[in-house]
Every structure is written in structure tokens, then in C-alpha cells.
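Novice: If you scroll down you'll find the structure; I have some questions about it.
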Amino acid sequence: MTPVELSRTVLHAVRRAVDGGELDVTVPERAVVTEPGPGGCGDFSTTIALQLARPAGQPPRRVAEILRPHLAGADGVRDVVITGPGFLNISLDDQADVLTALVREIRSRGAEYGHGDALAGEVVALRVPYEVRAEVVADAVVRIVATQGGRATVEHGEPVNLRPVPAPEDPAPLGPDAAQWALLHPAPHDRPRITADHLVQREGNPLFRVRYAHARIRSLSRNAARLGFTAEPGPLHEPTSQVSTSQVSTSQVSTGHEPTGQESAGQHESTGHEPTGQESAGQHEPTGHEPTGHQPTAHGDARFGHGAGRPYGDPLGPAADTAPAADTAPAADVDTGTDAQDVDTGTEAQEAGAQEAEAQEADAQSGGAPRRTPVTTPPPPLQTPLADHPRVLALAATQRAPDRLARHLVTVADAVLPFLPCVLPRGEEKPSAAHRARLALAEAAGTVLAGGLSLLGIDAPEHL
């Protein structure tokens, strides 16, 4: 059961309570379903009881008690627990399938994921002044309203019902995509910034993060095809009994040379010395190869999982556009869809160096025997913004607020970027069902990003 389906289930429970005479309220058009907050439990939580308490003339907890048996008896619901003033915490029969079902829904609907009938049959008349931002916002509203089954018309004259704060200057010098974003991303009551910041390819630029995330996802799909596998929704990690092994090479055993963090990331030549404590943590002396391009801030590093000094982009090897040979361990995300100046030399070495420091001790105890390598699992926050996309799209349509959609795309991009490094096989890993599932989740996020950008009139690039 997806969050969208669960929302419908909650509304069906309200309707059954109303039909049975237990509640005297008007069934709302939608029910918000989110992850449980502090003090909650289960897989999802809804505030529908608090929403209906006032029109029902009863305390929220009493409304929750009325709805609980109707929800608990629904297909796919294992248990419902009431917490706090009236929160309904819902546990599903098979939690592992929630994300899989969501990814399947996005893949099946494609660019139409999130489209609904909130404005079915309605005609939304927009009257705007002769001003560039008002024109751009109205144009985006027309497309967004159409996703909810409605039709919007644009006219000029009084009385005006759509008047965002005008742009302080002509946005045309920014180019079509940056100009659209500069006018649509701020809330209607905020004055847009018409500055060159919208053109800078840095993590501080929200438009860059959104378009970069889409380009990275497209590059993952291309590289997966080169490695011989495609996306398939399913569990995102291997069963605990299935782990990859890494055998110590003959040269390491004979010479006693252990790989440093840089060498395990496959980015630098070997130095022929034992790693120091700093090197094990991924802090290396300068090697004469310094990254060029972007210099991210510490805030951006923490948020996106990048190490200190890491710019956007993945390592670009000399044969970046060539598929690896059958007997060669595949490199993760060779084709990044970014310019060559975005060279990454930081976090790969840091992560690998920290892992290698632990692995060295294990090797010493095992005498060089193969060791068990834990499988990297993605962060769960990605599920929430993907599941929330239909609700955000409906709000953007009903409230004539394309800025809601723009900010939501930033949320999706910020959630998917830290996940991308674990999508493709790394090191000695071979493509598995988990890799296919991770690729499917990444592509689902790419579908949401591309669809949202299209509604805003902005190009979703294959490369940046």
C-alpha cells in the first residue's frame, strides 16, 4: 500500500463512520498521511481526527476512537494505535513493500505521477497585470491546474486575482531556465532576486541542485546499461547472508603493503608506505592533484554527504565513456553528466580510507582471509518527498502557487543526492537485485524531478 492509497483508505474510514451515523461531518477531499512524529509509532500517522474534531463537535481523541476500528479493518492495515491528543498511527501488513509499491507506481505513471482530480471539471479564471512575473506565474499555473483535471484561462485587466510581487528588473539576461526559476521559486509575496547566483553551478544554488540531481540520475541509468543491468523495484539491500568478499592481493601479502584510503578509492597511484592515522581517516598529504571547480561550504558537505573540499561530480577516469571489461570491477557512476572541471577527489578517499582502517585490523586477525563487506543501504528520507509529490502538486494547483512545487523539487533533490553513490556496484561488487532496486528508486526520483521541472517550464538536462 502506497501513502496515496493509504490516504484514500483513511477517507474511506471517515466515510464509513459518517454513513454509520457515528460522525456528523462532511468527508474531506484529502487526508494527510506522514511519517510518525516524536512519540508516534507504526509506519504512518494521520491527523484526520484533529481535523474533524471541531466540525464533529467532539474531542479529537474521541473522533480517533471512532475511526480506529474502521481503519484497523481495512485491507493492508495490521494495527492502528492512538497517541497524543488524537493521532492515528498506522502499521501496515508488509512494511518492506511500501517503498517498492511507491516506486512501481511512479514507474507505471511516469510523468503523470501526482496527477489527480482535485480540480476535475473546474475552470480557473486568472486575471493578471501586464508584468513579466505575473505572466510567468500564470503560465505555470495553467500547466499545474491541468494536472488536477482543471482548465485555467489567463486574461488581463481588473480586478486582478493573481498579482505576485514584480521583478525588480528584466530577468531575460539570465536565460530562459534561470529566469523561470528566479520568478517561480520565491513565494508570490516575496520579491524575486534577479542575480547571477541563479547561473552559478554551486550547491548554494537550488536550481543547480535540482538539475544536477536529474543529470546524475540519468548518468546512473546510462552507466547501469553499460554494466548490463536495468532498474527493477524491490528490496534496497541484499539479505544478510549475501555479502561480497574482497581477497587480499598477492602483492599485498608478499610485501606487507596495505592499501591507503586513496588507493582503495581507485583515484591515486600507490605510495609504497604504510597508512598513517590521518590517512586512514581520509586526510592525505597533497599529491599534486588538486580538485578544480566548485568549493562547497561546510554546510553543503554535511547535507549532501560530501567530505571536506568535495565539489559536485564523481571521478572522471580516462575512459569515462567506455564500458568496463567483463573481468574488470565496475567503477561507480563513471558518467556523471557534468563538465570535466567537476572532479571529485575527496569523499571517495575519505570513506574508503575509514573503511580500510577497520579492514586492516580484520585482515591482521584473519591472516589475509576474505572478509565480509557490509552492504550500503540508502537513507530512508527519500521515500517521504516522493510519496508527498501528489499532495504538493494538488496544493500548487488549488492555491495557484507554483512556488510550492519549486521548493518541493529542491526537497526531492536534497534527499536523492546522498543516495546516489550507493546505486551502482562499487569495488568488487557485481550487479545484483539490490542494485537494480536502488536504480529504480533513483529513476523514480528522476521522474519526479523531470516532471516538476517541465511543469515549471524549465529544461531537465541529461548532462550539466
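Going by the C-alpha cells order, chains are called A, B, ..., each with residues numbered from 1, while ligands are numbered from 1 in the order shown.
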Taking only range 84-216 of chain A into account, list the residues labelled strand (DSSP E) by DSSP (computed from the backbone), as a VMD selection string.
Specialist: chain A and resid 87 to 92 123 to 128 151 to 156
Novice: Suppose we keep N, CA, C and O atoms; can you now write the selection as a PDB file, in the first residue's frame?
Specialist:
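Final output, selection30.pdb:
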ATOM      1  N   PHE A  87      -3.724  11.432  17.452  1.00  0.00           N
ATOM      2  CA  PHE A  87      -3.007  10.977  16.265  1.00  0.00           C
ATOM      3  C   PHE A  87      -3.298   9.498  16.029  1.00  0.00           C
ATOM      4  O   PHE A  87      -3.258   8.691  16.970  1.00  0.00           O
ATOM      5  N   LEU A  88      -3.573   9.147  14.788  1.00  0.00           N
ATOM      6  CA  LEU A  88      -3.798   7.751  14.417  1.00  0.00           C
ATOM      7  C   LEU A  88      -2.522   7.225  13.769  1.00  0.00           C
ATOM      8  O   LEU A  88      -2.125   7.680  12.695  1.00  0.00           O
ATOM      9  N   ASN A  89      -1.854   6.294  14.448  1.00  0.00           N
ATOM     10  CA  ASN A  89      -0.607   5.698  13.968  1.00  0.00           C
ATOM     11  C   ASN A  89      -0.921   4.346  13.337  1.00  0.00           C
ATOM     12  O   ASN A  89      -1.462   3.454  14.002  1.00  0.00           O
ATOM     13  N   ILE A  90      -0.565   4.210  12.071  1.00  0.00           N
ATOM     14  CA  ILE A  90      -0.985   3.051  11.280  1.00  0.00           C
ATOM     15  C   ILE A  90       0.206   2.171  10.964  1.00  0.00           C
ATOM     16  O   ILE A  90       1.235   2.653  10.461  1.00  0.00           O
ATOM     17  N   SER A  91       0.083   0.892  11.249  1.00  0.00           N
ATOM     18  CA  SER A  91       1.083  -0.101  10.876  1.00  0.00           C
ATOM     19  C   SER A  91       0.531  -0.940   9.735  1.00  0.00           C
ATOM     20  O   SER A  91      -0.614  -1.417   9.806  1.00  0.00           O
ATOM     21  N   LEU A  92       1.317  -1.103   8.697  1.00  0.00           N
ATOM     22  CA  LEU A  92       0.881  -1.857   7.524  1.00  0.00           C
ATOM     23  C   LEU A  92       1.298  -3.311   7.626  1.00  0.00           C
ATOM     24  O   LEU A  92       2.207  -3.673   8.372  1.00  0.00           O
ATOM     25  N   VAL A 123     -13.079  25.397 -14.092  1.00  0.00           N
ATOM     26  CA  VAL A 123     -12.398  26.389 -14.921  1.00  0.00           C
ATOM     27  C   VAL A 123     -11.865  27.476 -13.997  1.00  0.00           C
ATOM     28  O   VAL A 123     -12.633  28.129 -13.279  1.00  0.00           O
ATOM     29  N   VAL A 124     -10.555  27.633 -13.974  1.00  0.00           N
ATOM     30  CA  VAL A 124      -9.904  28.625 -13.111  1.00  0.00           C
ATOM     31  C   VAL A 124      -9.571  29.847 -13.970  1.00  0.00           C
ATOM     32  O   VAL A 124      -8.734  29.771 -14.873  1.00  0.00           O
ATOM     33  N   ALA A 125     -10.226  30.957 -13.703  1.00  0.00           N
ATOM     34  CA  ALA A 125     -10.007  32.192 -14.462  1.00  0.00           C
ATOM     35  C   ALA A 125      -8.938  33.026 -13.774  1.00  0.00           C
ATOM     36  O   ALA A 125      -9.109  33.452 -12.630  1.00  0.00           O
ATOM     37  N   LEU A 126      -7.827  33.232 -14.445  1.00  0.00           N
ATOM     38  CA  LEU A 126      -6.724  34.022 -13.911  1.00  0.00           C
ATOM     39  C   LEU A 126      -6.724  35.389 -14.584  1.00  0.00           C
ATOM     40  O   LEU A 126      -6.718  35.492 -15.809  1.00  0.00           O
ATOM     41  N   ARG A 127      -6.741  36.440 -13.774  1.00  0.00           N
ATOM     42  CA  ARG A 127      -6.666  37.808 -14.284  1.00  0.00           C
ATOM     43  C   ARG A 127      -5.385  38.418 -13.739  1.00  0.00           C
ATOM     44  O   ARG A 127      -5.225  38.556 -12.513  1.00  0.00           O
ATOM     45  N   VAL A 128      -4.469  38.748 -14.612  1.00  0.00           N
ATOM     46  CA  VAL A 128      -3.141  39.196 -14.207  1.00  0.00           C
ATOM     47  C   VAL A 128      -2.824  40.549 -14.824  1.00  0.00           C
ATOM     48  O   VAL A 128      -3.374  40.915 -15.869  1.00  0.00           O
ATOM     49  N   ARG A 151      -9.029  23.388 -15.888  1.00  0.00           N
ATOM     50  CA  ARG A 151      -8.596  24.189 -17.031  1.00  0.00           C
ATOM     51  C   ARG A 151      -8.505  25.634 -16.571  1.00  0.00           C
ATOM     52  O   ARG A 151      -9.417  26.162 -15.948  1.00  0.00           O
ATOM     53  N   ALA A 152      -7.357  26.254 -16.858  1.00  0.00           N
ATOM     54  CA  ALA A 152      -7.136  27.633 -16.437  1.00  0.00           C
ATOM     55  C   ALA A 152      -7.083  28.547 -17.662  1.00  0.00           C
ATOM     56  O   ALA A 152      -6.526  28.185 -18.700  1.00  0.00           O
ATOM     57  N   THR A 153      -7.683  29.714 -17.524  1.00  0.00           N
ATOM     58  CA  THR A 153      -7.640  30.733 -18.573  1.00  0.00           C
ATOM     59  C   THR A 153      -6.927  31.965 -18.031  1.00  0.00           C
ATOM     60  O   THR A 153      -6.993  32.261 -16.824  1.00  0.00           O
ATOM     61  N   VAL A 154      -6.246  32.690 -18.907  1.00  0.00           N
ATOM     62  CA  VAL A 154      -5.483  33.866 -18.497  1.00  0.00           C
ATOM     63  C   VAL A 154      -6.023  35.092 -19.232  1.00  0.00           C
ATOM     64  O   VAL A 154      -6.134  35.086 -20.462  1.00  0.00           O
ATOM     65  N   GLU A 155      -6.368  36.098 -18.460  1.00  0.00           N
ATOM     66  CA  GLU A 155      -6.848  37.361 -19.018  1.00  0.00           C
ATOM     67  C   GLU A 155      -6.112  38.516 -18.347  1.00  0.00           C
ATOM     68  O   GLU A 155      -5.494  38.351 -17.289  1.00  0.00           O
ATOM     69  N   HIS A 156      -6.170  39.690 -18.970  1.00  0.00           N
ATOM     70  CA  HIS A 156      -5.572  40.887 -18.404  1.00  0.00           C
ATOM     71  C   HIS A 156      -6.663  41.904 -18.101  1.00  0.00           C
ATOM     72  O   HIS A 156      -7.652  42.012 -18.827  1.00  0.00           O
TER      73      HIS A 156
END
Novice: Per residue of range 143-208 of chain A within 10 Å of range 413-434 of chain A, which atom pair is closest and at what distance in Å (one decimal), using only C-alpha atoms, listed by chain and increasing number, as a Markdown table?
Specialist:
| residue | atom | partner | partner_atom | distance |
| --- | --- | --- | --- | --- |
| A:Glu203 | CA | A:Asp414 | CA | 10.0 |
| A:Pro206 | CA | A:Ala413 | CA | 9.0 |
| A:Leu207 | CA | A:Ala413 | CA | 9.8 |
| A:Phe208 | CA | A:Ala413 | CA | 9.8 |
Novice: Tell me, counting only C-alpha atoms, for each residue of range 65-161 of chain A within 12 Å of range 175-179 of chain A, which pair of atoms is nearest and how far apart they are in Å to one decimal, in rows ordered by chain and increasing number, as a tab-separated table.
Specialist:
residue	atom	partner	partner_atom	distance
A:Val132	CA	A:Ala179	CA	10.4
A:Arg133	CA	A:Ala179	CA	9.6
A:Val136	CA	A:Ala179	CA	9.5
A:Val137	CA	A:Ala179	CA	11.7
Novice: Please save all heavy atoms of the selected residues as a PDB file, in the first residue's frame.
Specialist:
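Saved to again_3.pdb:
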ATOM      1  N   VAL A 132       5.967  40.910 -16.197  1.00  0.00           N
ATOM      2  CA  VAL A 132       6.621  39.680 -16.620  1.00  0.00           C
ATOM      3  C   VAL A 132       6.459  38.556 -15.596  1.00  0.00           C
ATOM      4  O   VAL A 132       6.194  37.409 -15.963  1.00  0.00           O
ATOM      5  CB  VAL A 132       8.112  39.941 -16.920  1.00  0.00           C
ATOM      6  CG1 VAL A 132       8.865  40.422 -15.684  1.00  0.00           C
ATOM      7  CG2 VAL A 132       8.767  38.676 -17.473  1.00  0.00           C
ATOM      8  N   ARG A 133       6.595  38.855 -14.312  1.00  0.00           N
ATOM      9  CA  ARG A 133       6.482  37.775 -13.329  1.00  0.00           C
ATOM     10  C   ARG A 133       5.058  37.237 -13.271  1.00  0.00           C
ATOM     11  O   ARG A 133       4.854  36.025 -13.174  1.00  0.00           O
ATOM     12  CB  ARG A 133       6.920  38.248 -11.943  1.00  0.00           C
ATOM     13  CG  ARG A 133       7.011  37.089 -10.953  1.00  0.00           C
ATOM     14  CD  ARG A 133       7.306  37.505  -9.542  1.00  0.00           C
ATOM     15  NE  ARG A 133       7.481  36.331  -8.683  1.00  0.00           N
ATOM     16  CZ  ARG A 133       7.470  36.376  -7.361  1.00  0.00           C
ATOM     17  NH1 ARG A 133       7.306  37.543  -6.721  1.00  0.00           N
ATOM     18  NH2 ARG A 133       7.614  35.272  -6.653  1.00  0.00           N
ATOM     19  N   VAL A 136       4.601  34.875 -16.158  1.00  0.00           N
ATOM     20  CA  VAL A 136       5.299  33.595 -15.989  1.00  0.00           C
ATOM     21  C   VAL A 136       4.584  32.717 -14.970  1.00  0.00           C
ATOM     22  O   VAL A 136       4.400  31.511 -15.175  1.00  0.00           O
ATOM     23  CB  VAL A 136       6.759  33.847 -15.571  1.00  0.00           C
ATOM     24  CG1 VAL A 136       7.431  32.548 -15.132  1.00  0.00           C
ATOM     25  CG2 VAL A 136       7.539  34.468 -16.723  1.00  0.00           C
ATOM     26  N   VAL A 137       4.157  33.311 -13.851  1.00  0.00           N
ATOM     27  CA  VAL A 137       3.442  32.540 -12.828  1.00  0.00           C
ATOM     28  C   VAL A 137       2.135  32.002 -13.388  1.00  0.00           C
ATOM     29  O   VAL A 137       1.782  30.822 -13.182  1.00  0.00           O
ATOM     30  CB  VAL A 137       3.191  33.406 -11.576  1.00  0.00           C
ATOM     31  CG1 VAL A 137       2.246  32.681 -10.609  1.00  0.00           C
ATOM     32  CG2 VAL A 137       4.498  33.733 -10.875  1.00  0.00           C
TER      33      VAL A 137
END
Novice: What gap, in Å, lies between CA of Pro28 in chain A and CA of Leu11 in chain A?
Specialist: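 Interatomic distance here is 7.4 Å.
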Novice: Looking only at alpha helix (DSSP H) from DSSP on the backbone, list the matching residues of range 72-159 of chain A as a PDB file with N, CA, C and O atoms, in the first residue's frame.
Specialist:
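The file below, result_17.pdb, is the result:
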ATOM      1  N   ALA A  72      -8.592  -0.078  11.240  1.00  0.00           N
ATOM      2  CA  ALA A  72      -7.939  -1.350  11.574  1.00  0.00           C
ATOM      3  C   ALA A  72      -8.485  -2.499  10.733  1.00  0.00           C
ATOM      4  O   ALA A  72      -7.784  -3.493  10.507  1.00  0.00           O
ATOM      5  N   ALA A  96       7.979  -3.609   4.232  1.00  0.00           N
ATOM      6  CA  ALA A  96       9.051  -3.635   3.243  1.00  0.00           C
ATOM      7  C   ALA A  96       8.543  -3.329   1.843  1.00  0.00           C
ATOM      8  O   ALA A  96       9.306  -2.913   0.980  1.00  0.00           O
ATOM      9  N   ASP A  97       7.241  -3.563   1.601  1.00  0.00           N
ATOM     10  CA  ASP A  97       6.709  -3.369   0.264  1.00  0.00           C
ATOM     11  C   ASP A  97       6.204  -1.953   0.023  1.00  0.00           C
ATOM     12  O   ASP A  97       5.772  -1.643  -1.087  1.00  0.00           O
ATOM     13  N   VAL A  98       6.199  -1.092   1.044  1.00  0.00           N
ATOM     14  CA  VAL A  98       5.661   0.254   0.876  1.00  0.00           C
ATOM     15  C   VAL A  98       6.477   1.022  -0.150  1.00  0.00           C
ATOM     16  O   VAL A  98       5.931   1.592  -1.109  1.00  0.00           O
ATOM     17  N   LEU A  99       7.784   1.062   0.032  1.00  0.00           N
ATOM     18  CA  LEU A  99       8.640   1.804  -0.886  1.00  0.00           C
ATOM     19  C   LEU A  99       8.638   1.161  -2.267  1.00  0.00           C
ATOM     20  O   LEU A  99       8.626   1.852  -3.287  1.00  0.00           O
ATOM     21  N   THR A 100       8.642  -0.170  -2.312  1.00  0.00           N
ATOM     22  CA  THR A 100       8.613  -0.870  -3.597  1.00  0.00           C
ATOM     23  C   THR A 100       7.346  -0.525  -4.372  1.00  0.00           C
ATOM     24  O   THR A 100       7.385  -0.263  -5.578  1.00  0.00           O
ATOM     25  N   ALA A 101       6.207  -0.521  -3.667  1.00  0.00           N
ATOM     26  CA  ALA A 101       4.945  -0.175  -4.327  1.00  0.00           C
ATOM     27  C   ALA A 101       4.947   1.268  -4.816  1.00  0.00           C
ATOM     28  O   ALA A 101       4.439   1.578  -5.896  1.00  0.00           O
ATOM     29  N   LEU A 102       5.559   2.162  -4.036  1.00  0.00           N
ATOM     30  CA  LEU A 102       5.640   3.557  -4.449  1.00  0.00           C
ATOM     31  C   LEU A 102       6.474   3.701  -5.717  1.00  0.00           C
ATOM     32  O   LEU A 102       6.081   4.411  -6.651  1.00  0.00           O
ATOM     33  N   VAL A 103       7.614   3.024  -5.757  1.00  0.00           N
ATOM     34  CA  VAL A 103       8.475   3.088  -6.941  1.00  0.00           C
ATOM     35  C   VAL A 103       7.751   2.507  -8.154  1.00  0.00           C
ATOM     36  O   VAL A 103       7.819   3.058  -9.259  1.00  0.00           O
ATOM     37  N   ARG A 104       7.036   1.404  -7.966  1.00  0.00           N
ATOM     38  CA  ARG A 104       6.288   0.812  -9.084  1.00  0.00           C
ATOM     39  C   ARG A 104       5.222   1.778  -9.600  1.00  0.00           C
ATOM     40  O   ARG A 104       5.008   1.891 -10.824  1.00  0.00           O
ATOM     41  N   GLU A 105       4.554   2.468  -8.678  1.00  0.00           N
ATOM     42  CA  GLU A 105       3.525   3.420  -9.097  1.00  0.00           C
ATOM     43  C   GLU A 105       4.132   4.552  -9.915  1.00  0.00           C
ATOM     44  O   GLU A 105       3.581   4.953 -10.954  1.00  0.00           O
ATOM     45  N   ILE A 106       5.266   5.081  -9.458  1.00  0.00           N
ATOM     46  CA  ILE A 106       5.908   6.177 -10.196  1.00  0.00           C
ATOM     47  C   ILE A 106       6.359   5.704 -11.563  1.00  0.00           C
ATOM     48  O   ILE A 106       6.186   6.404 -12.568  1.00  0.00           O
ATOM     49  N   ARG A 107       6.927   4.496 -11.633  1.00  0.00           N
ATOM     50  CA  ARG A 107       7.388   3.971 -12.921  1.00  0.00           C
ATOM     51  C   ARG A 107       6.218   3.721 -13.870  1.00  0.00           C
ATOM     52  O   ARG A 107       6.341   3.932 -15.081  1.00  0.00           O
ATOM     53  N   SER A 108       5.108   3.271 -13.334  1.00  0.00           N
ATOM     54  CA  SER A 108       3.970   2.970 -14.203  1.00  0.00           C
ATOM     55  C   SER A 108       3.300   4.241 -14.728  1.00  0.00           C
ATOM     56  O   SER A 108       2.858   4.283 -15.874  1.00  0.00           O
ATOM     57  N   ARG A 109       3.268   5.283 -13.906  1.00  0.00           N
ATOM     58  CA  ARG A 109       2.581   6.515 -14.309  1.00  0.00           C
ATOM     59  C   ARG A 109       3.516   7.495 -15.009  1.00  0.00           C
ATOM     60  O   ARG A 109       3.058   8.375 -15.736  1.00  0.00           O
ATOM     61  N   VAL A 132       5.967  40.910 -16.197  1.00  0.00           N
ATOM     62  CA  VAL A 132       6.621  39.680 -16.620  1.00  0.00           C
ATOM     63  C   VAL A 132       6.459  38.556 -15.596  1.00  0.00           C
ATOM     64  O   VAL A 132       6.194  37.409 -15.963  1.00  0.00           O
ATOM     65  N   ARG A 133       6.595  38.855 -14.312  1.00  0.00           N
ATOM     66  CA  ARG A 133       6.482  37.775 -13.329  1.00  0.00           C
ATOM     67  C   ARG A 133       5.058  37.237 -13.271  1.00  0.00           C
ATOM     68  O   ARG A 133       4.854  36.025 -13.174  1.00  0.00           O
ATOM     69  N   ALA A 134       4.077  38.121 -13.326  1.00  0.00           N
ATOM     70  CA  ALA A 134       2.687  37.668 -13.317  1.00  0.00           C
ATOM     71  C   ALA A 134       2.402  36.778 -14.513  1.00  0.00           C
ATOM     72  O   ALA A 134       1.696  35.762 -14.396  1.00  0.00           O
ATOM     73  N   GLU A 135       2.955  37.115 -15.669  1.00  0.00           N
ATOM     74  CA  GLU A 135       2.760  36.298 -16.870  1.00  0.00           C
ATOM     75  C   GLU A 135       3.377  34.923 -16.701  1.00  0.00           C
ATOM     76  O   GLU A 135       2.780  33.896 -17.047  1.00  0.00           O
ATOM     77  N   VAL A 136       4.601  34.875 -16.158  1.00  0.00           N
ATOM     78  CA  VAL A 136       5.299  33.595 -15.989  1.00  0.00           C
ATOM     79  C   VAL A 136       4.584  32.717 -14.970  1.00  0.00           C
ATOM     80  O   VAL A 136       4.400  31.511 -15.175  1.00  0.00           O
ATOM     81  N   VAL A 137       4.157  33.311 -13.851  1.00  0.00           N
ATOM     82  CA  VAL A 137       3.442  32.540 -12.828  1.00  0.00           C
ATOM     83  C   VAL A 137       2.135  32.002 -13.388  1.00  0.00           C
ATOM     84  O   VAL A 137       1.782  30.822 -13.182  1.00  0.00           O
ATOM     85  N   ALA A 138       1.390  32.821 -14.112  1.00  0.00           N
ATOM     86  CA  ALA A 138       0.115  32.376 -14.690  1.00  0.00           C
ATOM     87  C   ALA A 138       0.334  31.244 -15.677  1.00  0.00           C
ATOM     88  O   ALA A 138      -0.446  30.272 -15.713  1.00  0.00           O
ATOM     89  N   ASP A 139       1.396  31.339 -16.474  1.00  0.00           N
ATOM     90  CA  ASP A 139       1.688  30.281 -17.439  1.00  0.00           C
ATOM     91  C   ASP A 139       1.954  28.958 -16.740  1.00  0.00           C
ATOM     92  O   ASP A 139       1.486  27.898 -17.177  1.00  0.00           O
ATOM     93  N   ALA A 140       2.706  28.990 -15.616  1.00  0.00           N
ATOM     94  CA  ALA A 140       2.965  27.768 -14.858  1.00  0.00           C
ATOM     95  C   ALA A 140       1.699  27.244 -14.192  1.00  0.00           C
ATOM     96  O   ALA A 140       1.458  26.025 -14.147  1.00  0.00           O
ATOM     97  N   VAL A 141       0.857  28.152 -13.686  1.00  0.00           N
ATOM     98  CA  VAL A 141      -0.394  27.730 -13.049  1.00  0.00           C
ATOM     99  C   VAL A 141      -1.290  27.011 -14.045  1.00  0.00           C
ATOM    100  O   VAL A 141      -1.957  26.020 -13.703  1.00  0.00           O
ATOM    101  N   VAL A 142      -1.311  27.468 -15.277  1.00  0.00           N
ATOM    102  CA  VAL A 142      -2.136  26.811 -16.300  1.00  0.00           C
ATOM    103  C   VAL A 142      -1.734  25.349 -16.444  1.00  0.00           C
ATOM    104  O   VAL A 142      -2.583  24.445 -16.496  1.00  0.00           O
ATOM    105  N   ARG A 143      -0.427  25.098 -16.513  1.00  0.00           N
ATOM    106  CA  ARG A 143       0.041  23.701 -16.657  1.00  0.00           C
ATOM    107  C   ARG A 143      -0.240  22.881 -15.407  1.00  0.00           C
ATOM    108  O   ARG A 143      -0.620  21.704 -15.485  1.00  0.00           O
ATOM    109  N   ILE A 144      -0.040  23.477 -14.239  1.00  0.00           N
ATOM    110  CA  ILE A 144      -0.237  22.735 -12.987  1.00  0.00           C
ATOM    111  C   ILE A 144      -1.718  22.430 -12.762  1.00  0.00           C
ATOM    112  O   ILE A 144      -2.080  21.334 -12.317  1.00  0.00           O
ATOM    113  N   VAL A 145      -2.592  23.372 -13.061  1.00  0.00           N
ATOM    114  CA  VAL A 145      -4.037  23.131 -12.910  1.00  0.00           C
ATOM    115  C   VAL A 145      -4.482  21.978 -13.808  1.00  0.00           C
ATOM    116  O   VAL A 145      -5.330  21.158 -13.419  1.00  0.00           O
ATOM    117  N   ALA A 146      -3.895  21.882 -14.989  1.00  0.00           N
ATOM    118  CA  ALA A 146      -4.269  20.801 -15.905  1.00  0.00           C
ATOM    119  C   ALA A 146      -3.930  19.432 -15.328  1.00  0.00           C
ATOM    120  O   ALA A 146      -4.609  18.443 -15.646  1.00  0.00           O
ATOM    121  N   THR A 147      -2.916  19.344 -14.456  1.00  0.00           N
ATOM    122  CA  THR A 147      -2.572  18.045 -13.852  1.00  0.00           C
ATOM    123  C   THR A 147      -3.644  17.562 -12.893  1.00  0.00           C
ATOM    124  O   THR A 147      -3.690  16.378 -12.570  1.00  0.00           O
TER     125      THR A 147
END
Novice: Tell me which of A:His70, A:Arg209, A:Arg30, A:His408 sits closest to Gln51 in chain A, counting only C-alpha atoms.
Specialist: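 Of all the options, A:Arg30 lies closest to Gln51 in chain A.
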Novice: Using only C-alpha atoms, which of the listed residues (A:Pro164, A:Pro233, A:Pro390, A:Gly452) sits closest to Pro186 in chain A?
Specialist: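 Of the candidates, the smallest distance to Pro186 in chain A is held by A:Pro164.
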Novice: Nearest to Leu199 in chain A: which of A:Ala182, A:Leu174, A:Gln383, A:Glu5 is it, counting only C-alpha atoms?
Specialist: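 The answer is A:Leu174, which sits nearest to Leu199 in chain A.
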Novice: Fewer than 6 positions away in the same chain doesn't count, so skip those; otherwise give me all residues within 8 Å of Pro36 in chain A, counting only C-alpha atoms, as a PDB file with all heavy atoms, in the first residue's frame.
Specialist:
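File part00.pdb, as written:
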ATOM      1  N   GLY A  42       4.464   2.926  14.472  1.00  0.00           N
ATOM      2  CA  GLY A  42       3.938   2.385  13.229  1.00  0.00           C
ATOM      3  C   GLY A  42       4.647   2.944  12.013  1.00  0.00           C
ATOM      4  O   GLY A  42       5.726   3.544  12.090  1.00  0.00           O
ATOM      5  N   ASP A  43       4.030   2.728  10.850  1.00  0.00           N
ATOM      6  CA  ASP A  43       4.624   3.127   9.573  1.00  0.00           C
ATOM      7  C   ASP A  43       4.213   4.526   9.144  1.00  0.00           C
ATOM      8  O   ASP A  43       5.009   5.258   8.551  1.00  0.00           O
ATOM      9  CB  ASP A  43       4.219   2.119   8.483  1.00  0.00           C
ATOM     10  CG  ASP A  43       4.642   0.705   8.818  1.00  0.00           C
ATOM     11  OD1 ASP A  43       5.720   0.557   9.413  1.00  0.00           O
ATOM     12  OD2 ASP A  43       3.892  -0.236   8.502  1.00  0.00           O
ATOM     13  N   PHE A  44       2.955   4.901   9.432  1.00  0.00           N
ATOM     14  CA  PHE A  44       2.447   6.208   9.020  1.00  0.00           C
ATOM     15  C   PHE A  44       1.541   6.763  10.115  1.00  0.00           C
ATOM     16  O   PHE A  44       1.061   6.030  10.981  1.00  0.00           O
ATOM     17  CB  PHE A  44       1.666   6.114   7.706  1.00  0.00           C
ATOM     18  CG  PHE A  44       2.508   5.753   6.521  1.00  0.00           C
ATOM     19  CD1 PHE A  44       2.592   4.431   6.084  1.00  0.00           C
ATOM     20  CD2 PHE A  44       3.221   6.726   5.839  1.00  0.00           C
ATOM     21  CE1 PHE A  44       3.370   4.094   5.003  1.00  0.00           C
ATOM     22  CE2 PHE A  44       4.002   6.394   4.751  1.00  0.00           C
ATOM     23  CZ  PHE A  44       4.082   5.078   4.328  1.00  0.00           C
ATOM     24  N   SER A  45       1.316   8.072  10.042  1.00  0.00           N
ATOM     25  CA  SER A  45       0.448   8.735  11.009  1.00  0.00           C
ATOM     26  C   SER A  45      -0.439   9.731  10.259  1.00  0.00           C
ATOM     27  O   SER A  45      -0.042  10.290   9.239  1.00  0.00           O
ATOM     28  CB  SER A  45       1.285   9.468  12.061  1.00  0.00           C
ATOM     29  OG  SER A  45       0.455  10.170  12.972  1.00  0.00           O
ATOM     30  N   ASN A  89      -1.854   6.294  14.448  1.00  0.00           N
ATOM     31  CA  ASN A  89      -0.607   5.698  13.968  1.00  0.00           C
ATOM     32  C   ASN A  89      -0.921   4.346  13.337  1.00  0.00           C
ATOM     33  O   ASN A  89      -1.462   3.454  14.002  1.00  0.00           O
ATOM     34  CB  ASN A  89       0.385   5.537  15.111  1.00  0.00           C
ATOM     35  CG  ASN A  89       0.746   6.866  15.744  1.00  0.00           C
ATOM     36  OD1 ASN A  89       1.690   7.518  15.343  1.00  0.00           O
ATOM     37  ND2 ASN A  89      -0.034   7.269  16.750  1.00  0.00           N
TER      38      ASN A  89
END
